[in-house]
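Each remark here refers to the structure printed beneath this line.
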2 protein chains.
Amino acid sequence: MVVRLKDIAAELGVSVVTVSRALRDRPDIAEETKAKILDRVKRLNYRPNLTARSLVTGRSSLIGLVVPDLIHPFFAEIAKGLSAKLREKDYFLIVSSSESDPQLEQDEIEHMLAHHLDCFVVASCQKEPDSLRKFGDAGVPLVLIDRSFPRFPCHFVGVDDYEVGELATEHLIAQGCKRIAHIRGPVTNVGNRRAEGYRAALEKHGMGAPENYVVACGEASDSDGETRGRRAMEEILALKPRPDGIFCFNDTVAVGAMDQAFEAGLKIPKHIAIVGCGNFHYSSKLQVPLTSVDQRSREIGERTAKMIMTLLEKPPSARPRTVILKPELIARESSRIK
Amino acid sequence: MVVRLKDIAAELGVSVVTVSRALRDRPDIAEETKAKILDRVKRLNYRPNLTARSLVTGRSSLIGLVVPDLIHPFFAEIAKGLSAKLREKDYFLIVSSSESDPQLEQDEIEHMLAHHLDCFVVASCQKEPDSLRKFGDAGVPLVLIDRSFPRFPCHFVGVDDYEVGELATEHLIAQGCKRIAHIRGPVTNVGNRRAEGYRAALEKHGMGAPENYVVACGEASDSDGETRGRRAMEEILALKPRPDGIFCFNDTVAVGAMDQAFEAGLKIPKHIAIVGCGNFHYSSKLQVPLTSVDQRSREIGERTAKMIMTLLEKPPSARPRTVILKPELIARESSRIK
DNA sequence: TTGGTTACCGTTAGCGTTTACGAAACACTG
DNA sequence: CAGTGTTTCGTAAACGCTAACGGTAACCAA
């Protein structure tokens, strides 16, 4: 049924190795025989069994991608950019969604390791990086994206989240906001750094913010981000004096926050200015187009692909490689106070 | 470095096969030895090499998914539902985005076939199904989703697109629209069936529509769907008398169409009612919340996973299995005429 | 001629696992 | 006690491919 190397070899009266050589474009084969073989290969519609090849070469041409949520535009963009670049080098992407569940993430990674993938790309939802050390043990390169860990040196591609918080807050200040609140994300490096950037920007302008101006909304990257945004906004709207500007952890949360504000009869940006993060492709289409900090998801995917290639081509270097992209603020209606 | 069956066998003084039996929970092994082996397996953190297993069993536990666009919420949802269900049975998903390019789709499928996946799930952008016949030749089950082909019997999961067109159009009629136009999608089964449903609904109510009320916008599933929607809307707005209701091929196109209407100074739904298709998760958050026909993407993913399981467990049956889901209209502001 | 190089191709031995088969030990039957 | 069945294990072969090595023939320089 399915054609093997052996079949082609038998038909042409050559050895299996010779056919293999022709297919992999090896130098030690005569042009004439090579042509003959390739012709037959094409006519028989032969496809090399990559599983078998993988077993002997130890390379599978498969890359693992584990993200918290595949629907989330940020990760979907990354997956797309990554997949597109990898395709050029004949690599495939195996994806898995951890649903922001650290245990599930661990299980999936453990399972993926059994498939002997060439490299892993993980946007990890772990609190501590301990479980990620198994990659080192297994000798498989790991590239973290979006989220890194302090004191865990590892290849990384993402934006500087401190800068994200700073950028958003500076913008609100420039728009004339006096009382700027923050709906912060989970207690992870990302959440912490954005909050730090937010505080730093305020202090730089001699503004500061009371403790209760920072409201946590939990694991905001999953699908109920909107609900979390609504709940956080409820708290914020109860504050006195009411904040006049909010930096939201991401656009999903911002959408929920805006909904809640509308229900309370408030106008955006007149009463409250909103800045989100992620610049999802629908953020410009919202009822009130949302100002957002772009996280360069497409570039993250592409740069990650590039990093993987150098990682796989060159001998494993001890030094972790890092690509930090500059976030970019896209100003829209939701923060246009003037 | 990496532990093999052989290593465990050597440490315990048993044969490789015995260890293999313990791991796969085979009956012909003593409980005592099995416990001893499993204990050692756990302590050494052994992971079976699934590549090697795959080579001999002929099953890889990998499923291929090829869709036109990974960012597209419809396909992203499908990927998520599929991946979640497959995980329960220890299957992984290899994804690829064809970018709505038939040639690219063919190449990717061809390449994927070399990896000896257990099953393929394809939302094909081919005009003709000829290139899909290779699955039959290769003996790999194929499940088409979202898009099927007339006169090409194949496993299929999706909604009835004729019904989609009918449902959307009936709704516009019920809302009191008198001149209903259609921004149609590509000349594929999906595009054709929706247009047929649209025409049928009109005729059923004795309305009909002039030829130029149907405007094509091309391959609308890719990322520039909005631009295509705008261009199509331009044509429609030039018609006299101007249509008062439009059924758009999908929500992305509808967004573009609405933008164009806004720019022309029109109000939605007052001057023109809009119905989209797909019910993307942002459609309810738009400037004017969009009425849309839900395509049950999550269910498609899950039902596809279920179908794959029966396909892989049971002997290959000749009869193609088909799951046709009922589309559901979600009424929102964009068509609320009263 | 001899020795050395090069071009080309085959033989052998795996890669890590599973399947098929057989053997040993033991218990049970008549 | 021979014969039969059952339980538990090992040996050998295979899955389809590639890496490593060896061998042959042809050609060239000394």
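Chain labels run A, B, ... following the order of the structure tokens; each chain numbers its residues from 1, and ligands are numbered from 1 in the order shown.
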> What are the DSSP strand (DSSP E) residues of range 10-78 of chain B, as a list in words?
Replying inline: Leu62, Ile63, Gly64, Leu65, Val66 and Val67 of chain B
Keeping only N, CA and C atoms, write the selected residues as a short mmCIF file (atom, residue, chain, number, x, y, z; two decimals), in the first residue's frame.
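Saved as part_9.cif:
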```
data_model
loop_
_atom_site.label_atom_id
_atom_site.label_comp_id
_atom_site.auth_asym_id
_atom_site.auth_seq_id
_atom_site.Cartn_x
_atom_site.Cartn_y
_atom_site.Cartn_z
N LEU B 62 -1.10 11.33 16.90
CA LEU B 62 -1.08 12.72 16.45
C LEU B 62 -2.19 12.94 15.42
N ILE B 63 -2.87 14.05 15.56
CA ILE B 63 -3.94 14.40 14.64
C ILE B 63 -3.56 15.70 13.94
N GLY B 64 -3.76 15.75 12.65
CA GLY B 64 -3.44 16.96 11.89
C GLY B 64 -4.65 17.85 11.71
N LEU B 65 -4.45 19.13 11.88
CA LEU B 65 -5.54 20.08 11.66
C LEU B 65 -5.07 21.16 10.69
N VAL B 66 -5.75 21.29 9.58
CA VAL B 66 -5.40 22.31 8.60
C VAL B 66 -6.59 23.24 8.40
N VAL B 67 -6.42 24.49 8.72
CA VAL B 67 -7.50 25.47 8.57
C VAL B 67 -6.98 26.67 7.79
#
```
>> Could you tell me which residues of chain C sit within 7 Å of chain A when counting only C-alpha atoms (C1' of nucleotides), and give me the result as a list of chain:residue names?
In response: C:DC8, C:DC9, C:DG10, C:DC15
What are the closest atom pairs, with distances in Å to one decimal, for all residues of chain A lying within 9 Å of chain B? Consider only C-alpha atoms, order rows by chain and residue number, and present the result as CSV.
```
residue,atom,partner,partner_atom,distance
A:Met1,CA,B:Ala138,CA,7.5
A:Val2,CA,B:Ala138,CA,6.5
A:Arg47,CA,B:Ala114,CA,5.6
A:Pro48,CA,B:Ala114,CA,6.0
A:Asn49,CA,B:Ala114,CA,5.5
A:Leu50,CA,B:His115,CA,5.2
A:Thr51,CA,B:Thr51,CA,6.0
A:Ala52,CA,B:Leu55,CA,6.1
A:Ser54,CA,B:Thr51,CA,7.3
A:Leu55,CA,B:Ala52,CA,6.2
A:Ser60,CA,B:Thr51,CA,8.5
A:Leu62,CA,B:Ile94,CA,8.8
A:Asp69,CA,B:Lys80,CA,8.1
A:Leu70,CA,B:Lys80,CA,6.1
A:Ile71,CA,B:Ala76,CA,5.2
A:His72,CA,B:Ala76,CA,8.6
A:Pro73,CA,B:Ile71,CA,6.6
A:Phe75,CA,B:Ile71,CA,8.8
A:Ala76,CA,B:Ile71,CA,5.2
A:Glu77,CA,B:Ile71,CA,6.0
A:Ala79,CA,B:Leu70,CA,7.7
A:Lys80,CA,B:Leu70,CA,6.1
A:Ser83,CA,B:Ser96,CA,6.8
A:Ala84,CA,B:Ser97,CA,7.6
A:Arg87,CA,B:Glu108,CA,8.3
A:Asp90,CA,B:His111,CA,8.0
A:Phe92,CA,B:Ile94,CA,6.8
A:Leu93,CA,B:Ile94,CA,5.7
A:Ile94,CA,B:Ile94,CA,4.4
A:Val95,CA,B:Leu93,CA,6.0
A:Ser96,CA,B:Ser83,CA,6.8
A:Ser97,CA,B:Lys80,CA,7.2
A:Glu108,CA,B:Arg87,CA,8.3
A:Glu110,CA,B:Arg47,CA,8.4
A:His111,CA,B:Asp90,CA,8.0
A:Met112,CA,B:Phe92,CA,8.3
A:Leu113,CA,B:Arg47,CA,7.7
A:Ala114,CA,B:Asn49,CA,5.5
A:His115,CA,B:Leu50,CA,5.2
A:His116,CA,B:Asn49,CA,7.1
A:Asp137,CA,B:Met1,CA,7.8
A:Ala138,CA,B:Val2,CA,6.4
A:Gly139,CA,B:Met1,CA,8.1
A:Val255,CA,B:Lys285,CA,7.8
A:Asp259,CA,B:Lys285,CA,8.9
A:Tyr282,CA,B:Tyr282,CA,6.7
A:Ser283,CA,B:Tyr282,CA,8.9
A:Lys285,CA,B:Leu286,CA,5.7
A:Leu286,CA,B:Leu286,CA,4.4
A:Gln287,CA,B:Gln287,CA,3.3
A:Val288,CA,B:Gln287,CA,6.6
A:Pro289,CA,B:Gln287,CA,8.1
```
Dump as a short mmCIF file (atom, residue, chain, number, x, y, z; two decimals), in the first residue's frame, selection limited to N, CA and C atoms:
```
data_model
loop_
_atom_site.label_atom_id
_atom_site.label_comp_id
_atom_site.auth_asym_id
_atom_site.auth_seq_id
_atom_site.Cartn_x
_atom_site.Cartn_y
_atom_site.Cartn_z
N MET A 1 0.84 -1.20 0.00
CA MET A 1 0.00 0.00 0.00
C MET A 1 0.88 1.26 0.00
N VAL A 2 1.57 1.44 1.12
CA VAL A 2 2.40 2.63 1.22
C VAL A 2 3.84 2.28 0.81
N ARG A 47 6.70 8.98 -0.03
CA ARG A 47 6.88 9.95 1.06
C ARG A 47 7.73 9.31 2.13
N PRO A 48 8.87 9.91 2.45
CA PRO A 48 9.71 9.32 3.50
C PRO A 48 8.95 9.22 4.81
N ASN A 49 9.17 8.17 5.55
CA ASN A 49 8.54 8.01 6.85
C ASN A 49 9.34 8.79 7.89
N LEU A 50 8.81 9.96 8.22
CA LEU A 50 9.55 10.85 9.11
C LEU A 50 9.66 10.30 10.53
N THR A 51 8.75 9.42 10.87
CA THR A 51 8.83 8.79 12.19
C THR A 51 10.10 7.95 12.28
N ALA A 52 10.32 7.17 11.25
CA ALA A 52 11.50 6.31 11.23
C ALA A 52 12.77 7.16 11.19
N SER A 54 13.13 10.13 12.26
CA SER A 54 13.27 10.77 13.56
C SER A 54 13.92 9.83 14.57
N LEU A 55 13.54 8.58 14.50
CA LEU A 55 14.06 7.62 15.48
C LEU A 55 15.58 7.50 15.39
N SER A 60 12.92 15.39 15.32
CA SER A 60 11.57 15.09 14.86
C SER A 60 10.99 16.14 13.92
N LEU A 62 9.53 18.64 14.90
CA LEU A 62 8.28 19.06 15.54
C LEU A 62 8.61 20.01 16.70
N ASP A 69 -4.22 29.89 26.39
CA ASP A 69 -5.51 29.90 25.71
C ASP A 69 -5.32 30.12 24.21
N LEU A 70 -5.79 29.16 23.44
CA LEU A 70 -5.59 29.24 21.98
C LEU A 70 -6.49 30.25 21.31
N ILE A 71 -7.60 30.59 21.94
CA ILE A 71 -8.52 31.53 21.31
C ILE A 71 -8.07 32.96 21.53
N HIS A 72 -7.42 33.18 22.64
CA HIS A 72 -6.91 34.50 22.96
C HIS A 72 -6.12 35.05 21.78
N PRO A 73 -6.55 36.19 21.25
CA PRO A 73 -5.92 36.73 20.04
C PRO A 73 -4.41 36.86 20.16
N PHE A 75 -2.24 34.98 21.80
CA PHE A 75 -1.57 33.69 21.58
C PHE A 75 -1.86 33.11 20.21
N ALA A 76 -3.07 33.39 19.72
CA ALA A 76 -3.40 32.92 18.38
C ALA A 76 -2.46 33.55 17.35
N GLU A 77 -2.19 34.85 17.54
CA GLU A 77 -1.27 35.55 16.64
C GLU A 77 0.13 34.94 16.71
N ALA A 79 0.92 31.93 17.62
CA ALA A 79 0.89 30.61 17.00
C ALA A 79 0.98 30.74 15.49
N LYS A 80 0.26 31.71 14.96
CA LYS A 80 0.24 31.88 13.51
C LYS A 80 1.62 32.31 12.98
N SER A 83 4.08 29.40 13.37
CA SER A 83 3.80 28.33 12.42
C SER A 83 4.24 28.72 11.01
N ALA A 84 3.97 29.95 10.63
CA ALA A 84 4.31 30.40 9.28
C ALA A 84 5.81 30.36 9.04
N ARG A 87 7.22 26.72 9.02
CA ARG A 87 6.88 25.98 7.81
C ARG A 87 7.98 26.09 6.76
N ASP A 90 10.33 23.46 7.14
CA ASP A 90 9.74 22.12 7.24
C ASP A 90 9.53 21.65 8.68
N PHE A 92 6.88 21.49 12.02
CA PHE A 92 5.46 21.60 12.35
C PHE A 92 5.30 21.96 13.81
N LEU A 93 4.13 22.49 14.09
CA LEU A 93 3.81 22.96 15.43
C LEU A 93 2.79 22.03 16.08
N ILE A 94 3.13 21.53 17.27
CA ILE A 94 2.15 20.80 18.07
C ILE A 94 1.66 21.73 19.15
N VAL A 95 0.38 21.98 19.20
CA VAL A 95 -0.13 22.98 20.14
C VAL A 95 -0.91 22.36 21.28
N SER A 96 -0.91 23.08 22.37
CA SER A 96 -1.73 22.67 23.50
C SER A 96 -2.10 23.89 24.31
N SER A 97 -3.32 23.87 24.79
CA SER A 97 -3.84 24.97 25.58
C SER A 97 -3.87 24.51 27.04
N GLU A 108 0.66 18.32 30.25
CA GLU A 108 0.79 18.40 28.81
C GLU A 108 2.26 18.40 28.39
N GLU A 110 4.79 17.21 30.07
CA GLU A 110 5.32 15.88 30.36
C GLU A 110 5.00 14.92 29.21
N HIS A 111 3.76 14.99 28.77
CA HIS A 111 3.30 14.13 27.69
C HIS A 111 3.99 14.48 26.37
N MET A 112 4.14 15.76 26.14
CA MET A 112 4.80 16.20 24.91
C MET A 112 6.25 15.74 24.86
N LEU A 113 6.89 15.74 26.01
CA LEU A 113 8.29 15.33 26.07
C LEU A 113 8.47 13.91 25.54
N ALA A 114 7.45 13.08 25.74
CA ALA A 114 7.54 11.71 25.26
C ALA A 114 7.57 11.64 23.74
N HIS A 115 7.09 12.70 23.10
CA HIS A 115 7.08 12.70 21.64
C HIS A 115 8.43 13.15 21.07
N HIS A 116 9.35 13.47 21.94
CA HIS A 116 10.69 13.86 21.52
C HIS A 116 10.70 15.00 20.52
N ASP A 137 16.99 18.82 32.04
CA ASP A 137 17.30 17.41 32.29
C ASP A 137 17.12 16.58 31.03
N ALA A 138 16.06 16.87 30.31
CA ALA A 138 15.77 16.08 29.11
C ALA A 138 16.62 16.52 27.93
N GLY A 139 17.33 17.62 28.08
CA GLY A 139 18.18 18.08 26.99
C GLY A 139 17.42 18.69 25.83
N VAL A 255 -12.59 45.50 28.21
CA VAL A 255 -13.95 45.40 27.65
C VAL A 255 -14.96 45.22 28.79
N ASP A 259 -17.89 47.86 29.93
CA ASP A 259 -19.30 47.45 30.04
C ASP A 259 -19.88 47.87 31.38
N TYR A 282 -9.90 43.30 17.58
CA TYR A 282 -11.24 43.87 17.64
C TYR A 282 -11.28 45.14 18.49
N SER A 283 -10.16 45.47 19.14
CA SER A 283 -10.18 46.60 20.07
C SER A 283 -10.52 47.91 19.39
N LYS A 285 -12.65 48.13 17.07
CA LYS A 285 -14.04 48.05 16.59
C LYS A 285 -15.06 48.15 17.70
N LEU A 286 -14.58 48.33 18.92
CA LEU A 286 -15.50 48.35 20.05
C LEU A 286 -16.42 49.56 20.02
N GLN A 287 -17.44 49.46 20.82
CA GLN A 287 -18.41 50.54 20.98
C GLN A 287 -17.66 51.87 21.16
N VAL A 288 -16.70 51.87 22.08
CA VAL A 288 -15.74 52.97 22.15
C VAL A 288 -14.37 52.37 21.84
N PRO A 289 -13.82 52.73 20.69
CA PRO A 289 -12.52 52.15 20.31
C PRO A 289 -11.50 52.29 21.43
#
```
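Shortest atom-to-atom contact with chain D among B:Ile8, B:Gln260, B:Asn192, B:Glu32: B:Glu32, counting only C-alpha atoms (C1' of nucleotides).
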> Could you name the residues that touch range 25-29 of chain D at 10 Å or less, counting only C-alpha atoms (C1' of nucleotides), but leaving out those on the same chain fewer than 4 positions away, as a list in words?
Replying inline: DG3, DG4, DT5, DT6, DA7 and DC8 of chain C
Write the residues of the preceding selection, restricted to N, CA and C atoms (P, O5', C5', C4', C3', O3' and C1' of nucleotides), as a compact mmCIF listing (two decimals), in the first residue's frame.
```txt
# COMPACT_ATOMS: atom_id res chain seq x y z
P DG C 3 53.27 -0.71 -3.07
O5' DG C 3 52.71 0.71 -2.62
C5' DG C 3 53.55 1.85 -2.71
C4' DG C 3 52.70 3.08 -2.84
C3' DG C 3 51.53 3.12 -1.84
O3' DG C 3 51.66 4.29 -1.04
C1' DG C 3 50.78 3.61 -4.06
P DG C 4 50.57 4.57 0.08
O5' DG C 4 49.70 5.68 -0.64
C5' DG C 4 50.35 6.75 -1.32
C4' DG C 4 49.30 7.63 -1.97
C3' DG C 4 48.07 7.87 -1.10
O3' DG C 4 47.71 9.24 -1.15
C1' DG C 4 47.41 6.98 -3.21
P DT C 5 46.71 9.83 -0.08
O5' DT C 5 45.52 10.33 -1.00
C5' DT C 5 45.81 11.15 -2.13
C4' DT C 5 44.68 11.02 -3.14
C3' DT C 5 43.28 11.29 -2.58
O3' DT C 5 42.82 12.52 -3.11
C1' DT C 5 43.31 9.45 -4.10
P DT C 6 41.51 13.23 -2.49
O5' DT C 6 40.37 12.74 -3.50
C5' DT C 6 40.57 12.86 -4.90
C4' DT C 6 39.51 12.05 -5.63
C3' DT C 6 38.09 12.23 -5.07
O3' DT C 6 37.27 12.78 -6.09
C1' DT C 6 38.59 9.94 -5.49
P DA C 7 35.75 13.24 -5.78
O5' DA C 7 34.92 12.07 -6.47
C5' DA C 7 35.28 11.63 -7.78
C4' DA C 7 34.40 10.46 -8.15
C3' DA C 7 32.95 10.61 -7.68
O3' DA C 7 32.09 10.15 -8.71
C1' DA C 7 33.87 8.62 -6.79
P DC C 8 30.49 10.31 -8.53
O5' DC C 8 30.08 8.89 -7.98
C5' DC C 8 30.19 7.76 -8.85
C4' DC C 8 30.00 6.51 -8.04
C3' DC C 8 28.63 6.34 -7.41
O3' DC C 8 27.93 5.34 -8.14
C1' DC C 8 30.38 5.61 -5.98
```
>> Set the distance at 12 Å and use only C-alpha atoms (C1' of nucleotides): which residues neighbour range 240-242 of chain A once local chain neighbours fewer than 2 positions away are removed? I'd like the list as number ranges by chain.
In response: A: 177-181, 209-210, 212-213, 233-238, 244-246, 261, 266, 271-273
Could you produce a table of the residues of chain D lying within 12 Å of chain A, with the nearest pair of atoms per residue and their separation in Å rounded to one decimal, using only C-alpha atoms (C1' of nucleotides), ordered by chain and increasing residue number, as a tab-separated table?
```
residue	atom	partner	partner_atom	distance
D:DC15	C1'	A:Ala52	CA	7.9
D:DG16	C1'	A:Ala52	CA	5.2
D:DC17	C1'	A:Arg53	CA	5.0
D:DT18	C1'	A:Val56	CA	6.1
D:DA19	C1'	A:Val56	CA	8.8
```
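As for CA of Arg193 in chain A and CA of Leu329 in chain A, they are spaced 16.9 Å apart.
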